[in-house]
Structure formats: C-alpha cells, structure tokens
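Just below is one structure, and these are the notes that go with it.
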Amino acid sequence: MGLHNSHHKPCPTHLQSPINIHTRTAKYDPSLKPLKFSYDPKTAKRIVNVGHCFNVEFEDTCDRSVLGEGPLTGYYRLCQFHFHWGSSDKDGSEHNIDGKLYPAELHIVHWNSKKYTSFEEAAQHSDGVAVVGVFLKLGDTNPVLESIIQNLDRVKTKGKTCPFTEFDLTDLLPKDLNYWTYMGSLTTKPYFECVTWIILQEAITVSSEQLEQFRRLQCTSENENPSFILENHRPVQPLDHRVVRSSCP
Ligand SMILES: Cc1ccc(O)c(S)c1
Ligand SMILES: [Zn+2]
C-alpha cells in the first residue's frame with residue numbers, strides 16, 4: 001500500500017537496496033552509537049555454495065555471536081556472511097559511494113533474536129535483519145580473505161558444503177568502524193524490506209587474483225554443464241524519501 005496524493009493514485013514507497021550513497025547528503029546523527037561486534041570464533045560452522053554466491057554460515061541457535069549498539073535497538077545474532085562481485089574488477093559492489101563502485105562488497109547478516117525465533121521469521125519484519133556492508137578495494141592479497149578462498153575449490157558446485165570453523169570475523173573488518181545507515185531490503189530474491197543497513201566507510205583490500213577465485217565458483221550442480229558465478233550484484237534502487245545517516249560528521 002503506497003502513500004495517497006491528491007490525484008488519489010497510490011505512489012509506492014520503495015525501501016529497496018542497494019542504493020547510491022551521496023556522502024554530502026548523508027546526515028550526521030550524534031545519537032548513533034559505535035558498533036559493538038561480539039563474535040565467538042567457535043560459532044563459525046561451514047561454507048555453502050548457494051548457487052548465486054557462497055555463504056559462510058555460523059551457529060545461530062543462541063546469542064554467542066552478536067552485533068550490538070550502532071543504530072540498533074539491542075543486539076542482533078550473526079547468521080552468515082557472503083560477498084557480491086562483478087564480472088571484472090571495474091564493478092561488483094552493490095552500494096555505490098558518490099557513484100563510485102568497488103570490485104566487491106561483503107555482507108555480514110544478523111537477525112533480531114530478541115523479538116523473533118529464526119532468520120526466516122525475522123525477515124518478515126522491518127526491524128528483523130541487520131546487514132553490515134564492507135567494501136572491498138583492489139590492493140594487496142588479503143590474508144584473512146585467503147583463509148576463506150582456499151576452501152572454495154571444496155564448494156565448487158551448487159549445493160556443496162565444507163566445514164569452516166574457528167574463524168574470527170572481526171579480523172576481516174577495517175580499523176575504522178564509522179558507518180552510514182539506512183532502512184532497506186535484501187538485495188537478492190525475495191528482496192524483503194527487513195534490513196537495517198550499516199555500511200562501513202573504510203574498505204578492506206582484495207587482490208585481482210582473489211576476485212578471480214570468486215568467479216570460478218559454479219552456479220550449476222556437479223552433474224550439470226558448468227556455468228560460473230561471474231557476477232551477482234544488484235543495480236542501485238531509488239532512494240525516494242529515505243535519509244542516509246552518518247555516525248561521524
Ligand atoms: C539474507 C541475505 C541473503 C542474500 C543477500 O544478498 C543478502 S544481502 C541477505
Ligand atoms: Zn548480500
């Protein structure tokens with residue numbers, strides 16, 4: 001149901017993601033708190049090729065790895081992280097910064113375990129999910145990323161999984177945890193409008209060779225003719241009346 005204007009024609013309000021973040025229009029909000037990551041490396045479980053990308057999944061049957069503070073009310077339980085990338089190093093990120101694209105973007109997915117009992121249920125609510133987005137910029141080989149990538153040949157085809165434990169996700173984060181935040185959606189089907197987006201302002205590095213490894217993943221299962229996940233990033237969506245807030249001036 002959209003807003004009604006004088007012509008009585010409903011105008012739908014989009015809360016879709018990703019968006020272009022116009023940094024000069026983002027509003028500094030001094031009430032925004034610092035992000036508080038409390039991740040237990042023992043909750044890392046496995047890597048799964050889900051067809052359009054690979055997910056690194058965590059044990060989310062209790063609040064052992066949570067994200068708190070920031071723009072959030074209470075804490076959200078970590079459930080998985082994944083990446084979006086492009087067919088070349090020229091594009092790949094989903095969010096843009098002043099029209100600039102990065103070669104890839106990390107999404108760390110959490111759900112509101114205080115109010116809901118599963119990710120699936122939380123995804124039906126506007127306060128259900130919190131995704132931390134981290135840009136990947138071209139640079140030196142990232143050794144922490146390498147510890148993930150070296151497993152990808154074990155999940156080459158759709159549906160394959162491999163164990164992945166004892167991983168400290170905070171090692172993948174940049175030093176500076178300042179962020180932009182806005183209300184949006186999942187960037188893959190079913191595009192539920194359930195996400196508090198928290199986009200870090202500092203990027204981490206990735207090498208061209210490491211991005212090549214992402215593109216060697218197959219979207220087909222082992223008994224099909226191989227097709228590759230060359231890209232999996234969604235185009236930017238209309239911001240409409242949304243305001244992007246910044247944690248720093
Ligand atoms: C839960 C979830 C699945 C896939 C995605 O790209 C995002 S952004 C979130
Ligand atoms: Zn994503």
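Chain labels A, B, ... are given in the sequence in which chains occur in the structure tokens; within each chain residues are numbered consecutively from 1, and ligands are likewise numbered from 1 in the order shown.
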
Within-10 Å residues of ligand 1, basis only C-alpha atoms and all ligand atoms, as a ChimeraX atom specification: /A:17-18,50,52-55,79-84,94,105-111,119-120,123,129-133,184-192,194-195,197,232-234

Taking the chain letters and numbering used in this document, name the residues of range 34-211 of chain A that DSSP puts in alpha helix (DSSP H), as a VMD selection string. chain A and resid 119 to 122 143 to 149 208 to 211

Exercise: Lys160 in chain A partners within 10 Å, only C-alpha atoms, chain neighbours under 3 positions left out, as a ChimeraX atom specification: /A:47-51,54,152,154-157,221-222

Residues within 9 Å of Asp60 in chain A, only C-alpha atoms, excluding chain neighbours under 5 positions, as a list in words: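 Selected residues are Thr43, Ser65, Arg77, Leu78, Cys79, Gln80 and Ser118 of chain A.
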
Any chance you can output those residues with C-alpha atoms as a CSV table (one decimal), in the first residue's frame?
```csv
chain,number,residue,atom,x,y,z
A,43,THR,CA,30.4,-20.3,16.2
A,65,SER,CA,28.0,-14.1,18.2
A,77,ARG,CA,22.5,-12.6,16.2
A,78,LEU,CA,25.1,-13.3,13.5
A,79,CYS,CA,24.0,-16.0,11.0
A,80,GLN,CA,26.1,-15.8,7.8
A,118,SER,CA,14.6,-17.5,13.3
```

Within 10 Å of Pro249 in chain A, counting only C-alpha atoms, which residues qualify if same-chain residues fewer than 4 places away don't, as a PyMOL selection string? chain A and resi 26-30+245

Could you check which of A:Thr141, A:Gln218, A:Thr196, A:Thr205 is closest to Thr73 in chain A, using only C-alpha atoms? A:Thr196

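Of the listed residues (A:Asn112, A:Gln237, A:Ser93, A:Thr25), A:Ser93 comes nearest to ligand 2; the distances count only C-alpha atoms and all ligand atoms.
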